[in-house]
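Asker: Just dropping this structure here.
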Amino acid sequence: MKVKRGIQGPVIAAILGLFLLACGVRSGHATDADIPESLGADGTTIVVGDEGAGTTVQLFEDLRCPACQEFETQGAGAELHELTQSGSVQVHYTLASFLDGKLGGNGSKKAVNALRAALAEGRFVEFHQVLYANQPDEAVDGFTNDFLLKMASRVEGLRGPGFDGAVRTMKYQTFVDASESAFQNSSARGTPTLKVSGVERPEFENGYLADYIEKPSWISRL
C-alpha cells in the first residue's frame, strides 16, 4: 500500500468537495442506486458514474482475489466510491475470473455472472459492495449460487425471477468469458490493477486517490 505523505491529499479532497457543493458544479448522487451504471460499448466493460466526470478510472478485479477485497474494504475503494458518487470520477470495471483456473472451482465466474445480472437490474454498484464485504476465503470457492442469492437478498430490489434465473443458469456466460479475455489481453499483470486516465497507479491508502484526480486549476495554487 502507498506510504503516507502527510495530509495534502485528504485536505485537497475535502476542499474540492466543498467547492463543488458550494458552486453547484456537480450535485452528485444521494444513494448508490442513483449512480449511473451501464455496459460499455465493448461489451465487457461495466461503466459506473457520470458520463461528464473529469477523470476515468479503470479497475481490473477478480471477485475471489483477497487483495481486491483489501483494496475495496480497507484501501482506496471507499474513496473511489465517494468520488464516483460525487460525480468526479467514472469507473470502468473489467471483471476477471482467472483465479478459478489457479485455485479450482468456478466461484469467480459465478460471481461475475451474478454481477452482470445485477447490472441488468440496475443494482451493480450495491451488489459489488456486498460481495466484497462478504468475500469467502479464496481457497473455499464460496461463491455458490445459494451464497450469491443470499447476498443478493441484502440489496433492495435485486431478487426476482429474472435475476435469480440468471444466477442459476449462468445466463451471462458469454460475458464472463469475454471479460476474462479482455483482462488477459490487457496490460494488467494481476488484480487489482488500477489506471487513472490511462496511467497505471499503485494500490492506494484511503485518502490519496485524490492526488491523481482532475481538479480545477485554482487547486494548484493551494
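Starting from 1 in every chain, residues are counted up; chains themselves are A, B, ... following the order of the C-alpha cells, and ligands are numbered from 1 as listed.
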Among chain A, which residues does DSSP mark as strand (DSSP E or B) when it is run on the backbone? Keep the chain and numbering as in the structure and answer as a list in words.
Answerer: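 Here is the list: Glu37, Ser38, Leu39, Ile46, Val47, Val48, Thr55, Thr56, Val57, Gln58, Leu59, Phe60, Glu61, Asp62, Val89, Gln90, Val91, His92, Tyr93, Thr94, Leu95, Ala96, Thr193, Leu194, Lys195, Val196, Val199, Glu200 and Arg201 of chain A.
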Asker: Would you please give, as an MDAnalysis selection string, all residues of range 19-148 of chain A that DSSP assigns to helix (DSSP H, G or I) based on the backbone?
Answerer: chainID A and resid 19:23 32:34 66:73 77:86 99:103 107:120 124:133 145:148
Asker: Near Glu70 in chain A, within 12 Å and counting only C-alpha atoms, which residues show up once chain neighbours fewer than 4 positions away are dropped, as a PDB file with N, CA, C and O atoms, in the first residue's frame?
Answerer:
```
ATOM      1  N   MET A   1       0.838  -1.187   0.000  1.00  0.00           N
ATOM      2  CA  MET A   1       0.000   0.000   0.000  1.00  0.00           C
ATOM      3  C   MET A   1       0.881   1.248   0.000  1.00  0.00           C
ATOM      4  O   MET A   1       2.021   1.209   0.438  1.00  0.00           O
ATOM      5  N   GLU A  61     -10.456  -6.416 -11.602  1.00  0.00           N
ATOM      6  CA  GLU A  61     -10.651  -7.167 -10.359  1.00  0.00           C
ATOM      7  C   GLU A  61     -11.075  -8.602 -10.653  1.00  0.00           C
ATOM      8  O   GLU A  61     -11.696  -8.881 -11.674  1.00  0.00           O
ATOM      9  N   LEU A  63     -13.208 -11.434  -8.365  1.00  0.00           N
ATOM     10  CA  LEU A  63     -14.015 -11.431  -7.140  1.00  0.00           C
ATOM     11  C   LEU A  63     -13.463 -12.351  -6.061  1.00  0.00           C
ATOM     12  O   LEU A  63     -13.745 -12.140  -4.875  1.00  0.00           O
ATOM     13  N   ARG A  64     -12.640 -13.342  -6.415  1.00  0.00           N
ATOM     14  CA  ARG A  64     -12.057 -14.230  -5.411  1.00  0.00           C
ATOM     15  C   ARG A  64     -10.740 -13.691  -4.862  1.00  0.00           C
ATOM     16  O   ARG A  64     -10.179 -14.267  -3.925  1.00  0.00           O
ATOM     17  N   CYS A  65     -10.263 -12.606  -5.407  1.00  0.00           N
ATOM     18  CA  CYS A  65      -8.943 -12.070  -5.069  1.00  0.00           C
ATOM     19  C   CYS A  65      -8.958 -11.359  -3.711  1.00  0.00           C
ATOM     20  O   CYS A  65      -9.656 -10.356  -3.535  1.00  0.00           O
ATOM     21  N   PRO A  66      -8.190 -11.841  -2.720  1.00  0.00           N
ATOM     22  CA  PRO A  66      -8.175 -11.182  -1.403  1.00  0.00           C
ATOM     23  C   PRO A  66      -7.562  -9.782  -1.448  1.00  0.00           C
ATOM     24  O   PRO A  66      -7.948  -8.916  -0.658  1.00  0.00           O
ATOM     25  N   GLN A  74     -10.526  -1.830   2.703  1.00  0.00           N
ATOM     26  CA  GLN A  74      -9.566  -1.189   3.595  1.00  0.00           C
ATOM     27  C   GLN A  74      -8.698  -0.143   2.896  1.00  0.00           C
ATOM     28  O   GLN A  74      -8.122   0.714   3.556  1.00  0.00           O
ATOM     29  N   GLY A  75      -8.597  -0.228   1.587  1.00  0.00           N
ATOM     30  CA  GLY A  75      -7.771   0.691   0.835  1.00  0.00           C
ATOM     31  C   GLY A  75      -8.569   1.850   0.281  1.00  0.00           C
ATOM     32  O   GLY A  75      -9.420   2.427   0.958  1.00  0.00           O
ATOM     33  N   ALA A  76      -8.311   2.150  -0.988  1.00  0.00           N
ATOM     34  CA  ALA A  76      -8.912   3.338  -1.609  1.00  0.00           C
ATOM     35  C   ALA A  76     -10.302   3.079  -2.188  1.00  0.00           C
ATOM     36  O   ALA A  76     -10.879   3.972  -2.806  1.00  0.00           O
ATOM     37  N   GLY A  77     -10.842   1.883  -1.989  1.00  0.00           N
ATOM     38  CA  GLY A  77     -12.156   1.600  -2.547  1.00  0.00           C
ATOM     39  C   GLY A  77     -13.235   2.548  -2.058  1.00  0.00           C
ATOM     40  O   GLY A  77     -14.078   2.995  -2.835  1.00  0.00           O
ATOM     41  N   ALA A  78     -13.204   2.855  -0.769  1.00  0.00           N
ATOM     42  CA  ALA A  78     -14.208   3.768  -0.217  1.00  0.00           C
ATOM     43  C   ALA A  78     -14.066   5.158  -0.823  1.00  0.00           C
ATOM     44  O   ALA A  78     -15.058   5.822  -1.140  1.00  0.00           O
ATOM     45  N   TYR A 132     -17.908  -7.912  -1.980  1.00  0.00           N
ATOM     46  CA  TYR A 132     -16.577  -7.728  -1.414  1.00  0.00           C
ATOM     47  C   TYR A 132     -16.609  -7.650   0.107  1.00  0.00           C
ATOM     48  O   TYR A 132     -15.675  -8.107   0.781  1.00  0.00           O
ATOM     49  N   ALA A 133     -17.658  -7.108   0.662  1.00  0.00           N
ATOM     50  CA  ALA A 133     -17.775  -7.037   2.117  1.00  0.00           C
ATOM     51  C   ALA A 133     -17.955  -8.421   2.735  1.00  0.00           C
ATOM     52  O   ALA A 133     -17.685  -8.620   3.926  1.00  0.00           O
ATOM     53  N   ASN A 134     -18.389  -9.385   1.927  1.00  0.00           N
ATOM     54  CA  ASN A 134     -18.665 -10.739   2.417  1.00  0.00           C
ATOM     55  C   ASN A 134     -17.915 -11.794   1.600  1.00  0.00           C
ATOM     56  O   ASN A 134     -18.366 -12.930   1.486  1.00  0.00           O
ATOM     57  N   GLN A 135     -16.760 -11.442   1.093  1.00  0.00           N
ATOM     58  CA  GLN A 135     -15.993 -12.352   0.232  1.00  0.00           C
ATOM     59  C   GLN A 135     -15.557 -13.606   1.002  1.00  0.00           C
ATOM     60  O   GLN A 135     -14.913 -13.507   2.044  1.00  0.00           O
ATOM     61  N   THR A 191      -4.532  -8.628 -10.270  1.00  0.00           N
ATOM     62  CA  THR A 191      -5.639  -7.869  -9.699  1.00  0.00           C
ATOM     63  C   THR A 191      -5.348  -7.573  -8.235  1.00  0.00           C
ATOM     64  O   THR A 191      -4.738  -8.401  -7.547  1.00  0.00           O
ATOM     65  N   PRO A 192      -5.725  -6.399  -7.737  1.00  0.00           N
ATOM     66  CA  PRO A 192      -6.344  -5.327  -8.523  1.00  0.00           C
ATOM     67  C   PRO A 192      -5.297  -4.550  -9.316  1.00  0.00           C
ATOM     68  O   PRO A 192      -4.168  -4.386  -8.862  1.00  0.00           O
ATOM     69  N   GLU A 203      -1.399   0.494  -5.667  1.00  0.00           N
ATOM     70  CA  GLU A 203      -2.526   0.461  -4.735  1.00  0.00           C
ATOM     71  C   GLU A 203      -2.455   1.676  -3.821  1.00  0.00           C
ATOM     72  O   GLU A 203      -1.386   2.201  -3.547  1.00  0.00           O
ATOM     73  N   PHE A 204      -3.600   2.107  -3.339  1.00  0.00           N
ATOM     74  CA  PHE A 204      -3.681   3.351  -2.593  1.00  0.00           C
ATOM     75  C   PHE A 204      -4.245   3.129  -1.202  1.00  0.00           C
ATOM     76  O   PHE A 204      -5.129   2.320  -1.005  1.00  0.00           O
ATOM     77  N   GLU A 205      -3.743   3.915  -0.260  1.00  0.00           N
ATOM     78  CA  GLU A 205      -4.432   4.044   1.016  1.00  0.00           C
ATOM     79  C   GLU A 205      -5.602   4.997   0.824  1.00  0.00           C
ATOM     80  O   GLU A 205      -5.569   5.879  -0.035  1.00  0.00           O
ATOM     81  N   ASN A 206      -6.610   4.837   1.635  1.00  0.00           N
ATOM     82  CA  ASN A 206      -7.768   5.720   1.564  1.00  0.00           C
ATOM     83  C   ASN A 206      -7.331   7.165   1.801  1.00  0.00           C
ATOM     84  O   ASN A 206      -6.649   7.464   2.772  1.00  0.00           O
TER      85      ASN A 206
END
```
Asker: Please list as a PyMOL selection string every residue within 9 Å of Ala96 in chain A, counting only C-alpha atoms and excluding residues in the same chain fewer than 6 positions away.
Answerer: chain A and resi 60-63+108-109+112+176-177+179-184+191
Asker: Counting only C-alpha atoms, which of A:Ile213, A:Ala114, A:Val48, A:Leu99 gets nearest to Val140 in chain A?
Answerer: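 Between A:Ile213, A:Ala114, A:Val48, A:Leu99, the residue approaching Val140 in chain A most closely is A:Leu99.
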Asker: Suppose you want the space between CA of Ala178 in chain A and CA of Phe124 in chain A; what is it in Å?
Answerer: 18.1 Å
Asker: Skip Gly198 in chain A itself and residues of its chain fewer than 4 positions away, then list as number ranges by chain all residues within 8 Å of it, counting only C-alpha atoms.
Answerer: A: 56-58
Asker: Restrict the selected residues to N, CA, C and O atoms and save them as a tab-separated table (two decimals), in the first residue's frame.
Answerer:
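Saved file part-v6.tsv follows:
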```
chain	number	residue	atom	x	y	z
A	56	THR	N	-11.38	9.34	-15.56
A	56	THR	CA	-11.77	7.95	-15.76
A	56	THR	C	-10.79	7.04	-15.03
A	56	THR	O	-9.57	7.17	-15.19
A	57	VAL	N	-11.32	6.16	-14.22
A	57	VAL	CA	-10.51	5.17	-13.51
A	57	VAL	C	-10.87	3.80	-14.06
A	57	VAL	O	-12.05	3.43	-14.10
A	58	GLN	N	-9.86	3.06	-14.51
A	58	GLN	CA	-10.08	1.69	-14.99
A	58	GLN	C	-9.61	0.73	-13.92
A	58	GLN	O	-8.48	0.85	-13.41
```
Asker: Pick out the residues sitting within 10 Å of Thr84 in chain A, and hand them over as number ranges by chain; count only C-alpha atoms, and ignore anything fewer than 6 positions along from it in its own chain.
Answerer: A: 28-29, 32, 35-36, 48-50, 53, 55-57, 78, 90-91
Asker: Which polymer residues have any atom within 6 Å of an atom of Leu59 in chain A, counting only C-alpha atoms, with same-chain residues fewer than 2 positions away left out, as a PyMOL selection string?
Answerer: chain A and resi 93+193-194
Asker: Can I get the selected residues back with all heavy atoms, as an mmCIF file, in the first residue's frame?
Answerer:
```cif
data_model
loop_
_atom_site.group_PDB
_atom_site.id
_atom_site.type_symbol
_atom_site.label_atom_id
_atom_site.label_comp_id
_atom_site.auth_asym_id
_atom_site.auth_seq_id
_atom_site.Cartn_x
_atom_site.Cartn_y
_atom_site.Cartn_z
ATOM 1 N N TYR A 93 -14.991 -0.985 -14.965
ATOM 2 C CA TYR A 93 -14.617 -2.265 -14.370
ATOM 3 C C TYR A 93 -14.420 -3.332 -15.439
ATOM 4 O O TYR A 93 -15.277 -3.523 -16.308
ATOM 5 C CB TYR A 93 -15.713 -2.757 -13.419
ATOM 6 C CG TYR A 93 -15.878 -1.954 -12.162
ATOM 7 C CD1 TYR A 93 -16.777 -0.891 -12.110
ATOM 8 C CD2 TYR A 93 -15.164 -2.265 -11.008
ATOM 9 C CE1 TYR A 93 -16.954 -0.157 -10.943
ATOM 10 C CE2 TYR A 93 -15.334 -1.528 -9.836
ATOM 11 C CZ TYR A 93 -16.230 -0.479 -9.822
ATOM 12 O OH TYR A 93 -16.400 0.247 -8.668
ATOM 13 N N THR A 193 -5.665 -4.104 -10.494
ATOM 14 C CA THR A 193 -4.869 -3.142 -11.253
ATOM 15 C C THR A 193 -5.739 -1.922 -11.475
ATOM 16 O O THR A 193 -6.894 -2.042 -11.886
ATOM 17 C CB THR A 193 -4.419 -3.720 -12.609
ATOM 18 O OG1 THR A 193 -3.485 -4.777 -12.377
ATOM 19 C CG2 THR A 193 -3.746 -2.652 -13.457
ATOM 20 N N LEU A 194 -5.190 -0.744 -11.180
ATOM 21 C CA LEU A 194 -5.944 0.494 -11.270
ATOM 22 C C LEU A 194 -5.210 1.476 -12.170
ATOM 23 O O LEU A 194 -4.015 1.710 -12.013
ATOM 24 C CB LEU A 194 -6.130 1.078 -9.863
ATOM 25 C CG LEU A 194 -6.985 2.339 -9.723
ATOM 26 C CD1 LEU A 194 -7.738 2.303 -8.392
ATOM 27 C CD2 LEU A 194 -6.121 3.598 -9.766
#
```
Asker: Nearest to Glu79 in chain A among A:Ala210, A:Val196, A:Leu39, A:Met170, with distances taken over only C-alpha atoms: which residue is it?
Answerer: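 Once distances to Glu79 in chain A are computed over only C-alpha atoms, the minimum belongs to A:Ala210.
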Asker: In Å, rounded to a single decimal, give me how far CA of Met151 in chain A is from CA of Asn106 in chain A.
Answerer: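 Separating CA of Asn106 in chain A from CA of Met151 in chain A is a distance of 17.3 Å.
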Asker: Measuring atom to atom with only C-alpha atoms, identify which of A:Phe175, A:Leu83, A:Val89, A:Pro161 is nearest to Thr45 in chain A.
Answerer: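 Nearest candidate to Thr45 in chain A out of A:Phe175, A:Leu83, A:Val89, A:Pro161: A:Phe175.
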Asker: Which is closer to Gly165 in chain A than all the others in A:Thr44, A:Gln129, A:Asn145, A:Ser88, using only C-alpha atoms?
Answerer: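 Of A:Thr44, A:Gln129, A:Asn145, A:Ser88, the one nearest Gly165 in chain A is A:Asn145, counting only C-alpha atoms.
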Asker: Ranking A:Tyr172, A:Leu209, A:Lys195, A:Gln69 by minimum distance to Arg116 in chain A and counting only C-alpha atoms, which one comes first?
Answerer: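 Checking each of A:Tyr172, A:Leu209, A:Lys195, A:Gln69 against Arg116 in chain A, counting only C-alpha atoms, the winner is A:Tyr172.
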